$ cat my_file14.txt   # compact mmCIF, C-alpha atoms
# COMPACT_ATOMS: atom_id res chain seq x y z
CA MET D 21 68.80 82.02 50.95
CA GLU D 22 66.84 81.98 48.32
CA LYS D 23 68.11 81.17 45.10
CA LYS D 24 66.92 83.06 42.34
CA LEU D 25 65.92 81.34 39.27
CA LYS D 26 67.46 82.52 36.27
CA PRO D 27 65.10 83.51 33.66
CA GLN D 28 65.36 81.42 30.63
CA THR D 29 66.09 82.93 27.47
CA ILE D 30 63.83 83.00 24.53
CA ASP D 31 66.16 80.83 22.61
CA GLU D 32 65.97 78.15 25.17
CA ASP D 33 62.17 78.35 25.21
CA ALA D 34 61.98 78.02 21.46
CA GLN D 35 64.39 75.14 21.53
CA LEU D 36 62.38 73.39 24.23
CA THR D 37 59.17 73.92 22.28
CA ASP D 38 60.78 72.49 19.16
CA THR D 39 62.03 69.50 21.12
CA VAL D 40 58.58 68.84 22.63
CA ARG D 41 56.98 69.23 19.22
CA SER D 42 59.48 66.95 17.65
CA SER D 43 58.99 64.36 20.41
CA ALA D 44 55.21 64.59 20.14
CA HIS D 45 55.46 64.24 16.39
CA GLN D 46 57.68 61.19 16.78
CA VAL D 47 55.27 59.66 19.32
CA TRP D 48 52.43 60.31 16.88
CA GLN D 49 54.38 58.65 14.04
CA ALA D 50 55.30 55.72 16.25
CA GLY D 51 51.58 55.30 17.09
CA LEU D 52 50.70 55.36 13.41
CA GLY D 53 53.47 52.85 12.68
CA ALA D 54 52.22 50.60 15.48
CA PHE D 55 48.70 50.86 14.14
CA ALA D 56 49.85 50.01 10.59
CA LYS D 57 51.87 47.09 11.91
CA ALA D 58 48.95 45.88 14.01
CA GLN D 59 46.70 46.23 10.99
CA GLN D 60 49.08 44.15 8.85
CA GLU D 61 49.58 41.58 11.54
CA GLY D 62 45.90 41.64 12.41
CA THR D 63 44.90 40.95 8.81
CA ARG D 64 47.44 38.16 8.59
CA VAL D 65 46.28 36.73 11.94
CA PHE D 66 42.63 37.18 10.92
CA ASN D 67 43.21 35.33 7.64
CA LYS D 68 45.00 32.52 9.48
CA LEU D 69 42.10 32.24 11.94
CA VAL D 70 39.64 32.07 9.01
CA GLU D 71 41.66 29.22 7.45
CA GLU D 72 41.75 27.31 10.72
CA GLY D 73 38.01 27.85 11.14
CA ASN D 74 37.36 26.44 7.66
CA GLU D 75 39.44 23.35 8.42
CA LEU D 76 37.66 22.87 11.73
CA GLN D 77 34.28 23.22 9.98
CA LYS D 78 35.26 20.61 7.36
CA ARG D 79 36.34 18.16 10.06
CA THR D 80 33.15 18.81 12.02
CA ARG D 81 30.99 18.24 8.96
CA SER D 82 32.87 15.06 8.13
CA MET D 83 32.43 13.74 11.66
CA ALA D 84 28.78 14.81 11.66
CA GLY D 85 28.27 13.06 8.31
CA ASP D 86 29.82 9.89 9.71
CA LYS D 87 27.63 10.12 12.79
CA ALA D 88 24.56 10.78 10.63
CA GLY D 89 25.41 7.69 8.58
CA ASP D 90 25.79 5.67 11.78
CA VAL D 91 22.47 6.98 13.06
CA ALA D 92 20.79 6.15 9.72
CA ASP D 93 22.24 2.62 9.84
CA ALA D 94 21.05 2.15 13.41
CA ALA D 95 17.56 3.39 12.46
CA ALA D 96 17.47 0.96 9.51
CA ASP D 97 18.49 -1.90 11.82
CA VAL D 98 15.72 -1.02 14.26
CA ALA D 99 13.21 -0.81 11.39
CA ASP D 100 14.29 -4.26 10.14
CA LEU D 101 13.94 -5.72 13.62
CA VAL D 102 10.45 -4.27 14.03
CA ALA D 103 9.44 -5.53 10.57
CA ARG D 104 10.68 -9.06 11.37
CA GLN D 105 8.81 -9.08 14.67
CA ALA D 106 5.63 -7.80 13.03
CA SER D 107 5.93 -10.40 10.26
CA GLY D 108 6.43 -13.19 12.79
CA SER D 109 3.41 -12.04 14.76
CA TRP D 110 1.34 -11.82 11.59
CA ASP D 111 2.38 -15.35 10.55
CA LYS D 112 1.40 -16.71 13.97
CA MET D 113 -1.95 -14.96 13.87
CA GLU D 114 -2.60 -16.26 10.36
CA GLN D 115 -1.79 -19.83 11.43
CA VAL D 116 -4.12 -19.57 14.45
CA PHE D 117 -6.90 -18.28 12.18
CA GLU D 118 -6.39 -21.11 9.66
CA ASP D 119 -6.44 -23.72 12.43
CA ARG D 120 -9.68 -22.36 13.87
CA VAL D 121 -11.37 -22.23 10.47
CA THR D 122 -10.28 -25.82 9.77
CA ARG D 123 -11.69 -27.00 13.11
CA ALA D 124 -14.97 -25.14 12.51
CA LEU D 125 -15.36 -26.67 9.03
CA ALA D 126 -14.57 -30.15 10.39
CA THR D 127 -17.20 -29.68 13.12
CA MET D 128 -19.80 -28.80 10.47
CA GLY D 129 -18.83 -31.86 8.42
CA VAL D 130 -17.35 -29.97 5.49
CA PRO D 131 -14.79 -32.21 3.78
CA THR D 132 -11.18 -31.09 3.66
CA ARG D 133 -9.19 -30.60 0.50
CA GLN D 134 -7.43 -33.93 1.06
CA GLU D 135 -10.76 -35.73 1.43
CA ILE D 136 -12.09 -34.20 -1.79
CA ASP D 137 -8.88 -35.15 -3.62
CA ALA D 138 -9.13 -38.73 -2.29
CA LEU D 139 -12.76 -38.94 -3.43
CA ALA D 140 -11.90 -37.60 -6.89
CA LEU D 141 -9.16 -40.24 -7.18
CA LYS D 142 -11.62 -42.98 -6.18
CA VAL D 143 -14.16 -41.76 -8.77
CA GLU D 144 -11.45 -41.80 -11.42
CA GLN D 145 -10.46 -45.38 -10.50
CA LEU D 146 -14.08 -46.52 -10.61
CA SER D 147 -14.58 -44.89 -14.01
CA LYS D 148 -11.58 -46.79 -15.37
CA GLN D 149 -12.94 -50.08 -13.95
CA LEU D 150 -16.30 -49.44 -15.63
CA GLU D 151 -14.61 -48.77 -18.95
CA GLU D 152 -12.64 -52.03 -18.64
CA LEU D 153 -15.80 -53.99 -17.79
CA GLY D 154 -17.65 -52.43 -20.73
CA ALA D 155 -14.84 -53.41 -23.09
CA GLN D 156 -14.87 -57.04 -21.83
CA ALA D 157 -18.68 -57.58 -22.18
CA PRO D 158 -19.78 -59.39 -25.42
CA LYS D 159 -21.59 -57.20 -27.85
CA ALA D 160 -25.17 -58.24 -28.65
CA ALA D 161 -25.96 -59.21 -32.23
CA PRO D 162 -28.18 -56.79 -34.03
CA ARG D 163 -31.83 -57.79 -34.00
CA THR D 164 -33.44 -58.67 -37.22
CA ALA D 165 -37.06 -57.94 -38.01
CA ALA D 166 -38.03 -61.60 -37.59
CA ARG D 167 -36.38 -61.83 -34.24
CA LYS D 168 -38.11 -58.66 -33.20
CA ALA D 169 -41.51 -60.07 -34.07
CA ALA D 170 -40.78 -63.35 -32.35
CA GLY D 171 -39.45 -61.55 -29.35
CA LYS D 172 -42.61 -59.47 -29.04
CA THR D 173 -44.94 -62.41 -28.88
CA ALA D 174 -42.64 -64.52 -26.79
CA GLY D 175 -41.71 -61.64 -24.56
CA LYS D 176 -45.25 -61.05 -23.39
CA THR D 177 -45.54 -64.43 -21.84
CA ALA D 178 -41.96 -64.77 -20.71
CA LYS D 179 -41.45 -61.32 -19.21
CA PRO D 180 -41.79 -62.18 -15.52
CA ALA D 181 -39.54 -65.19 -15.86
CA ALA D 182 -36.98 -63.20 -17.84
CA ARG D 183 -36.86 -60.52 -15.19
CA THR D 184 -36.16 -62.97 -12.42
CA ALA D 185 -33.53 -64.76 -14.50
CA ALA D 186 -31.92 -61.46 -15.34
CA ALA D 187 -31.94 -60.50 -11.68
CA ARG D 188 -30.13 -63.74 -10.81
CA THR D 189 -27.41 -63.24 -13.42
CA ARG D 190 -26.55 -59.67 -12.46
CA LYS D 191 -23.24 -59.04 -10.85
CA PRO D 192 -23.33 -57.63 -7.35
CA ALA D 193 -22.84 -53.83 -7.21
CA LEU D 194 -19.46 -52.54 -6.15
CA SER D 195 -19.43 -51.57 -2.52
CA LYS D 196 -19.14 -47.85 -1.90
CA ALA D 197 -15.87 -46.72 -0.40
CA SER D 198 -16.49 -44.52 2.58
CA ALA D 199 -14.81 -41.13 2.57
CA PRO D 200 -12.24 -40.55 5.29
CA LYS D 201 -13.71 -39.05 8.42
CA GLY D 202 -12.41 -36.09 10.38
CA GLY D 203 -11.28 -32.69 9.27
CA LYS D 204 -7.58 -33.37 8.93
CA GLY D 205 -7.43 -36.12 6.29
CA GLU D 206 -7.29 -38.99 8.82
$ encode --input "my_file14.txt" --output "structure tokens"
Amino acid sequence: MEKKLKPQTIDEDAQLTDTVRSSAHQVWQAGLGAFAKAQQEGTRVFNKLVEEGNELQKRTRSMAGDKAGDVADAAADVADLVARQASGSWDKMEQVFEDRVTRALATMGVPTRQEIDALALKVEQLSKQLEELGAQAPKAAPRTAARKAAGKTAGKTAKPAARTAAARTRKPALSKASAPKGGKGE
């Protein structure tokens, strides 16, 4: 029981071929349409992704700039701290050096600045006292020629006695003020 296939007619074959061609052509056009649509959508999506990337980059740069500013501030703070510590150490070392030099000069007997100033003040006071004493002393009368001649002859015999009398009438010398001792203006 075999069934016999009926041979198809040429018209049916041509129609089938046309249908397959038409379907293939439609599939091809649908593929091209899908590609065009994907290309449009892809470009739009690509452009949107580029915009979002730009925004993200701006935010990242802004945050990085803020962080860089914070890092710069922190570095400046550390530099200030180190400078203050170095300055403090330098001041301490300078003070130690000055103290040692002062002690060494005092050991050698070199007067301090205060001692020199005190001595200068004492000299100034003594100079003023001498000026006052010189102003109070009576001025001697000018010698005349006759007095000079009389003084020459009389002076030869009276010289030793005059010297001793003059020595008795002199005022005692002012006592010297001793300079302060020690290297620190004691």
$ atom_distance --input "my_file14.txt" --atom1 "CA of Arg123 (chain D)" --atom2 "CA of Arg104 (chain D)"
28.7 Å
$ atom_distance --input "my_file14.txt" --atom1 "CA of Asn67 (chain D)" --atom2 "CA of Phe55 (chain D)"
17.7 Å
$ atom_distance --input "my_file14.txt" --atom1 "CA of Gly53 (chain D)" --atom2 "CA of Thr39 (chain D)"
20.5 Å
